[in-house]
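K.L.:
Below you will find the structure I want to go over with you.
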Amino acid sequence: MRWSPRHLPACCVLLGVPFVGAAPSVLQPEAFARHVAYFNVMEDEPVLNEVPNAQAWDWLHANVPLFECADAEVEEIYWFRWWALRKQLRRDAAGRFVFTEFITKERTISSALGHHLMEGRWLRDQRYHDDYVLHWLRGGPEGQPQSHLHKYSQWLAYALYQRQLVTADQARLVGLLDDLVADYRRWEEERRVSGSAGSPPAPEFAGMFWQHDVWDAMEESISGGRKTKNVRPTINSYMFGNATALAAIARLAGRDDFAREFDGKAAELRRLVQEKLWDADAQFFKVRLESGPFADVREAIGFIPWYFALPESGRGYESAWAQFADERGFRAPFGLTTAERRHPLFRSHGIGTCEWDGALWPFATSQTLTALANVLRDYPQSVVTARDYFDAFLAYARSQRYDGLPYIGEYQDEVTGQWLKGRDPRSRWYNHSTFADLLIAGVIGLRPRADDVVEVYPLLPDNTWAWFCLDDVRYHGRTLTIFWDRDGTRYKRGAGLVVLADGKEIARTARLERVEGKLP
């Protein structure tokens with residue numbers, strides 16, 4: 001049975017999921033149906049999954065926060081990305097909802113699982129991702145994890161904890177604690193450096209994690225290879241993030257033993273990453289080759305530690321971000337490159353075989369911008385600014401075009417914006433990155449947190465958009481509205497940045513600045 005809005009309340013009651021149909025406070029949903037109508041006719045529909053185009057608006061209307069802004073292109077891509085995401089919603093053999101990555105393959109892939117959960121946390125109906133997580137953790141033979149869960153590195157526990165900060169569904173998260181602890185221990189068995197002499201990587205990396213670049217979902221990189229066992233900022237940051245999340249989940253569960261254990265693991269990984277992966281000469285977190293030396297290239301994965309707040313503030317690591325807006329570093333006309341542009345092997349590995357030698361990857365852009373948002377809010381520094389973030393976000397939004405039409409694919413030329421898989425069917429609607437999460441938690445600045453304080457910390461610079469509104473956002477069981485109206489003429493509710501909870505004003509400020517309000 002295909003999805004239909006008339007089935008939603010019954011399904012939610014059956015599954016014990018609260019369905020709240022609170023009306024938006026400012027925006028009218030029907031005003032955005034035009035976007036979906038346009039997307040439905042702009043191209044063919046070769047694959048029909050759980051929600052076909054004919055039902056796309058009904059599904060988006062029931063699930064997606066409403067959004068408009070003064071930049072018509074950003075608004076369009078916001079709606080397009082949700083429209084494209086629901087194309088990847090399917091059912092597994094057990095009837096559970098799952099999200100795929102390639103539209104041409106029915107099998108799930110774990111490489112972008114963290115991105116899927118971070119983006120999906122903003123859907124009003126969470127049973128899609130509840131099912132998706134159970135598919136991975138208990139959907140294998142005899143209720144075991146899927147065998148291909150560990151094919152790729154991922155930050156599953158961290159993303160689940162971040163999702164709970166939006167949904168406030170602690171019971172469901174605590175119910176997964178044993179599964180997630182077992183998952184962490186399996187990574188330790190499979191990818192932790194043993195320290196044995198003669199067994200790569202080098203013994204000096206004992207306690208850290210190694211990975212082939214291909215199973216980091218970053219094949220054909222300058223620093224690595226499909227068979228080399230390098231110690232990478234990716235998997236070590238993911239495991240740090242997973243450890244911090246497991247400690248927090250354990251505290252929710254009253255499991256002090258697990259909390260102490262994983263606090264200790266996180267502290268040790270932080271020490272090792274800062275000690276072993278920070279290249280003081282290059283002022284960057286870098287790959288260490290399995291034989292011991294640093295790789296001779298800065299790559300975008302060196303920004304990933306900040307995604308998980310791993311680097312300690314005030315110790316100089318923020319200097320790495322000088323490379324972010326440097327055109328010899330990572331800034332290019334169409335976005336953020338995956339390797340520094342000055343390197344002699346930049347874009348040297350060919351085209352069409354998933355090269356991570358410099359081309360633009362939405363997967364990496366999502367990670368880097370999430371990391372930068374943390375830097376701008378939590379790390380005192382003078383290296384990067386909100387303008388750098390916003391310019392990169394706009395470049396990312398504007399890059400999502402093919403022949404002038406909205407499009408999201410695998411990877412792109414950094415100068416022309418050409419999608420390097422061309423019109424390869426598997427590259428269409430590629431579900432391998434975030435966009436709504438970067439807008440909601442980044443540009444607009446709704447920062448999920450564990451208490452009942454709503455924190456909004458926008459990264460929208462002054463003198464950019466005159467107005468925006470994010471409406472009908474499910475957060476901690478309430479409905480939030482956040483709008484900015486520079487002169488008060490757009491929404492007729494006064495000038496400034498305003499936060500509403502269930503229609504009641506809880507915060508207001510005259511400027512684009514951090515503001516807090518308590519849920520009623």
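Identifiers in the structure tokens: chain A, B, ... in order shown; residue index from 1 per chain; ligand index from 1 in order shown.
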Need to verify the contact set: A:Met118, 9 Å, only C-alpha atoms, exclusion of same-chain residues closer than 4 positions in sequence. Can you return it as a PDB file with all heavy atoms, in the first residue's frame?
P.N.:
```pdb
ATOM      1  N   LEU A 113      24.345   7.147   6.431  1.00  0.00           N
ATOM      2  CA  LEU A 113      23.340   6.931   7.470  1.00  0.00           C
ATOM      3  C   LEU A 113      23.280   8.103   8.443  1.00  0.00           C
ATOM      4  O   LEU A 113      22.199   8.552   8.841  1.00  0.00           O
ATOM      5  CB  LEU A 113      23.650   5.626   8.203  1.00  0.00           C
ATOM      6  CG  LEU A 113      22.747   5.199   9.355  1.00  0.00           C
ATOM      7  CD1 LEU A 113      21.287   5.169   8.935  1.00  0.00           C
ATOM      8  CD2 LEU A 113      23.182   3.832   9.891  1.00  0.00           C
ATOM      9  N   GLY A 114      24.429   8.620   8.847  1.00  0.00           N
ATOM     10  CA  GLY A 114      24.442   9.772   9.746  1.00  0.00           C
ATOM     11  C   GLY A 114      23.766  10.977   9.139  1.00  0.00           C
ATOM     12  O   GLY A 114      23.005  11.695   9.805  1.00  0.00           O
ATOM     13  N   TRP A 122      14.061  16.401  11.319  1.00  0.00           N
ATOM     14  CA  TRP A 122      13.130  17.517  11.202  1.00  0.00           C
ATOM     15  C   TRP A 122      11.783  17.107  10.620  1.00  0.00           C
ATOM     16  O   TRP A 122      10.887  17.952  10.496  1.00  0.00           O
ATOM     17  CB  TRP A 122      13.763  18.636  10.375  1.00  0.00           C
ATOM     18  CG  TRP A 122      15.040  19.118  10.987  1.00  0.00           C
ATOM     19  CD1 TRP A 122      16.312  18.922  10.521  1.00  0.00           C
ATOM     20  CD2 TRP A 122      15.179  19.854  12.211  1.00  0.00           C
ATOM     21  NE1 TRP A 122      17.226  19.483  11.370  1.00  0.00           N
ATOM     22  CE2 TRP A 122      16.561  20.068  12.420  1.00  0.00           C
ATOM     23  CE3 TRP A 122      14.266  20.347  13.149  1.00  0.00           C
ATOM     24  CZ2 TRP A 122      17.051  20.760  13.521  1.00  0.00           C
ATOM     25  CZ3 TRP A 122      14.751  21.039  14.247  1.00  0.00           C
ATOM     26  CH2 TRP A 122      16.129  21.238  14.424  1.00  0.00           C
ATOM     27  N   ALA A 159      24.424  10.519  15.646  1.00  0.00           N
ATOM     28  CA  ALA A 159      23.272  11.071  14.925  1.00  0.00           C
ATOM     29  C   ALA A 159      21.970  10.750  15.644  1.00  0.00           C
ATOM     30  O   ALA A 159      21.041  11.569  15.672  1.00  0.00           O
ATOM     31  CB  ALA A 159      23.249  10.541  13.498  1.00  0.00           C
ATOM     32  N   LEU A 160      21.883   9.554  16.232  1.00  0.00           N
ATOM     33  CA  LEU A 160      20.680   9.201  16.980  1.00  0.00           C
ATOM     34  C   LEU A 160      20.510  10.085  18.208  1.00  0.00           C
ATOM     35  O   LEU A 160      19.389  10.499  18.538  1.00  0.00           O
ATOM     36  CB  LEU A 160      20.721   7.734  17.383  1.00  0.00           C
ATOM     37  CG  LEU A 160      20.395   6.734  16.272  1.00  0.00           C
ATOM     38  CD1 LEU A 160      20.690   5.310  16.734  1.00  0.00           C
ATOM     39  CD2 LEU A 160      18.937   6.864  15.839  1.00  0.00           C
ATOM     40  N   GLN A 162      21.663  13.159  18.505  1.00  0.00           N
ATOM     41  CA  GLN A 162      21.288  14.475  17.988  1.00  0.00           C
ATOM     42  C   GLN A 162      19.826  14.504  17.563  1.00  0.00           C
ATOM     43  O   GLN A 162      19.141  15.522  17.731  1.00  0.00           O
ATOM     44  CB  GLN A 162      22.202  14.858  16.823  1.00  0.00           C
ATOM     45  CG  GLN A 162      23.653  15.068  17.194  1.00  0.00           C
ATOM     46  CD  GLN A 162      23.834  16.189  18.199  1.00  0.00           C
ATOM     47  OE1 GLN A 162      23.265  17.275  18.045  1.00  0.00           O
ATOM     48  NE2 GLN A 162      24.631  15.941  19.234  1.00  0.00           N
ATOM     49  N   ARG A 163      19.342  13.404  17.019  1.00  0.00           N
ATOM     50  CA  ARG A 163      17.928  13.332  16.649  1.00  0.00           C
ATOM     51  C   ARG A 163      17.047  13.446  17.892  1.00  0.00           C
ATOM     52  O   ARG A 163      16.030  14.149  17.887  1.00  0.00           O
ATOM     53  CB  ARG A 163      17.637  12.029  15.908  1.00  0.00           C
ATOM     54  CG  ARG A 163      16.194  11.925  15.432  1.00  0.00           C
ATOM     55  CD  ARG A 163      15.919  10.646  14.655  1.00  0.00           C
ATOM     56  NE  ARG A 163      15.766   9.486  15.506  1.00  0.00           N
ATOM     57  CZ  ARG A 163      14.764   8.586  15.391  1.00  0.00           C
ATOM     58  NH1 ARG A 163      13.837   8.735  14.453  1.00  0.00           N
ATOM     59  NH2 ARG A 163      14.711   7.551  16.177  1.00  0.00           N
ATOM     60  N   THR A 434      23.130  16.445   3.433  1.00  0.00           N
ATOM     61  CA  THR A 434      22.053  17.203   4.061  1.00  0.00           C
ATOM     62  C   THR A 434      21.910  18.554   3.373  1.00  0.00           C
ATOM     63  O   THR A 434      22.840  19.050   2.744  1.00  0.00           O
ATOM     64  CB  THR A 434      22.320  17.436   5.561  1.00  0.00           C
ATOM     65  OG1 THR A 434      23.538  18.184   5.706  1.00  0.00           O
ATOM     66  CG2 THR A 434      22.448  16.119   6.306  1.00  0.00           C
ATOM     67  N   ASP A 437      18.942  20.410   7.118  1.00  0.00           N
ATOM     68  CA  ASP A 437      19.580  20.519   8.425  1.00  0.00           C
ATOM     69  C   ASP A 437      20.562  21.680   8.462  1.00  0.00           C
ATOM     70  O   ASP A 437      20.659  22.386   9.471  1.00  0.00           O
ATOM     71  CB  ASP A 437      20.291  19.207   8.768  1.00  0.00           C
ATOM     72  CG  ASP A 437      20.798  19.193  10.201  1.00  0.00           C
ATOM     73  OD1 ASP A 437      19.962  19.288  11.112  1.00  0.00           O
ATOM     74  OD2 ASP A 437      22.024  19.111  10.401  1.00  0.00           O
TER      75      ASP A 437
END
```
K.L.:
So which residues touch A:Ser199 within 12 Å, counting only C-alpha atoms, skipping near sequence neighbours fewer than 4 positions away, as a ChimeraX atom specification?
P.N.:
/A:192-195,203-206,229,290-292
K.L.:
Save the residues we just selected, C-alpha atoms, as a JSON list (two decimals), in the first residue's frame?
P.N.:
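again-v5.json, written as the output of this step:
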```json
[["chain", "number", "residue", "atom", "x", "y", "z"],
["A", 192, "ARG", "CA", 41.13, -0.39, 16.06],
["A", 193, "VAL", "CA", 44.90, -0.41, 15.77],
["A", 194, "SER", "CA", 46.29, -3.25, 17.87],
["A", 195, "GLY", "CA", 49.76, -1.83, 18.38],
["A", 203, "PRO", "CA", 52.21, 0.65, 16.68],
["A", 204, "GLU", "CA", 52.35, 4.33, 17.60],
["A", 205, "PHE", "CA", 48.67, 4.55, 16.65],
["A", 206, "ALA", "CA", 47.52, 1.92, 19.15],
["A", 229, "LYS", "CA", 45.00, 0.97, 6.22],
["A", 290, "GLU", "CA", 49.86, 3.12, 7.78],
["A", 291, "SER", "CA", 53.67, 3.28, 7.89],
["A", 292, "GLY", "CA", 53.57, 6.32, 10.18]]
```
K.L.:
Counting only C-alpha atoms, which residues of stretch 61-112 of chain A sit at most 12 Å from some atom of stretch 477-485 of chain A, and what is each one's closest atom pair with its distance in Å to one decimal, listed by chain and rising residue number, as a tab-separated table?
P.N.:
```
residue	atom	partner	partner_atom	distance
A:Pro65	CA	A:Thr481	CA	9.3
A:Leu66	CA	A:Thr481	CA	9.3
A:Phe67	CA	A:Phe483	CA	9.6
A:Glu68	CA	A:Phe483	CA	9.5
A:Cys69	CA	A:Trp484	CA	9.2
A:Ala70	CA	A:Asp485	CA	10.2
```
K.L.:
Using only C-alpha atoms for the distances, tell me which of A:Ala197, A:Gln283, A:Arg191, A:Val498 is nearest to A:Met239.
P.N.:
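Closest to A:Met239, using only C-alpha atoms: A:Arg191.
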K.L.:
In Å to one decimal, how far is atom CA of A:His343 from atom CA of A:Ala282?
P.N.:
12.6 Å
K.L.:
Mind giving me the straight-line distance from atom CA of A:Ala248 to atom CA of A:Tyr475 in Å, one decimal?
P.N.:
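Separating atom CA of A:Ala248 from atom CA of A:Tyr475 is a distance of 19.5 Å.
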K.L.:
What lies within 10 Å of A:Leu394 using only C-alpha atoms, ignoring chain neighbours under 5 positions off, as a list in words?
P.N.:
Asp71, Glu73, Val74, Phe334, Gly335, Tyr389 and Ser399 of chain A
K.L.:
Using only C-alpha atoms, please write the residues we just selected to a file, as a PDB file, in the first residue's frame.
P.N.:
```
ATOM      1  CA  ASP A  71      16.266  34.323  -1.737  1.00  0.00           C
ATOM      2  CA  GLU A  73      16.690  30.003  -5.168  1.00  0.00           C
ATOM      3  CA  VAL A  74      17.433  28.897  -1.612  1.00  0.00           C
ATOM      4  CA  PHE A 334      31.058  26.214  -7.157  1.00  0.00           C
ATOM      5  CA  GLY A 335      31.805  25.254  -3.575  1.00  0.00           C
ATOM      6  CA  TYR A 389      29.709  30.117   6.303  1.00  0.00           C
ATOM      7  CA  SER A 399      25.387  24.308  -7.252  1.00  0.00           C
TER       8      SER A 399
END
```
K.L.:
Counting only C-alpha atoms, which residue out of A:Ala495, A:Met208, A:Leu149, A:Ala392 sits closest to A:Arg186?
P.N.:
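Looking only at the distances to A:Arg186, the closest residue turns out to be A:Leu149.
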K.L.:
Mind the document's chain letters and residue numbers, and return as number ranges by chain the residues of stretch 55-300 of chain A that DSSP labels alpha helix (DSSP H).
P.N.:
A: 56-63, 72-87, 113-120, 127-138, 156-167, 170-174, 177-191, 233-253, 256-272
K.L.:
What lies within 10 Å of A:Phe80 using only C-alpha atoms, ignoring chain neighbours under 5 positions off, as a PyMOL selection string?
P.N.:
chain A and resi 35-36+38-39+74-75+85+400+406-408+429+435
K.L.:
For the selection you just gave me, I'd like the residues written to a file as a tab-separated table (two decimals), in the first residue's frame, keeping C-alpha atoms.
P.N.:
```tsv
chain	number	residue	atom	x	y	z
A	35	HIS	CA	7.15	24.12	-5.84
A	36	VAL	CA	6.10	20.49	-5.82
A	38	TYR	CA	6.82	22.32	-10.74
A	39	PHE	CA	9.18	19.53	-9.67
A	74	VAL	CA	17.43	28.90	-1.61
A	75	GLU	CA	13.72	28.48	-0.96
A	85	LEU	CA	14.42	12.73	-0.34
A	400	GLN	CA	22.32	22.05	-7.10
A	406	PRO	CA	17.06	21.72	-9.49
A	407	TYR	CA	19.24	18.62	-9.16
A	408	ILE	CA	21.24	16.71	-6.57
A	429	TRP	CA	18.29	12.41	-6.47
A	435	PHE	CA	20.53	20.53	3.12
```
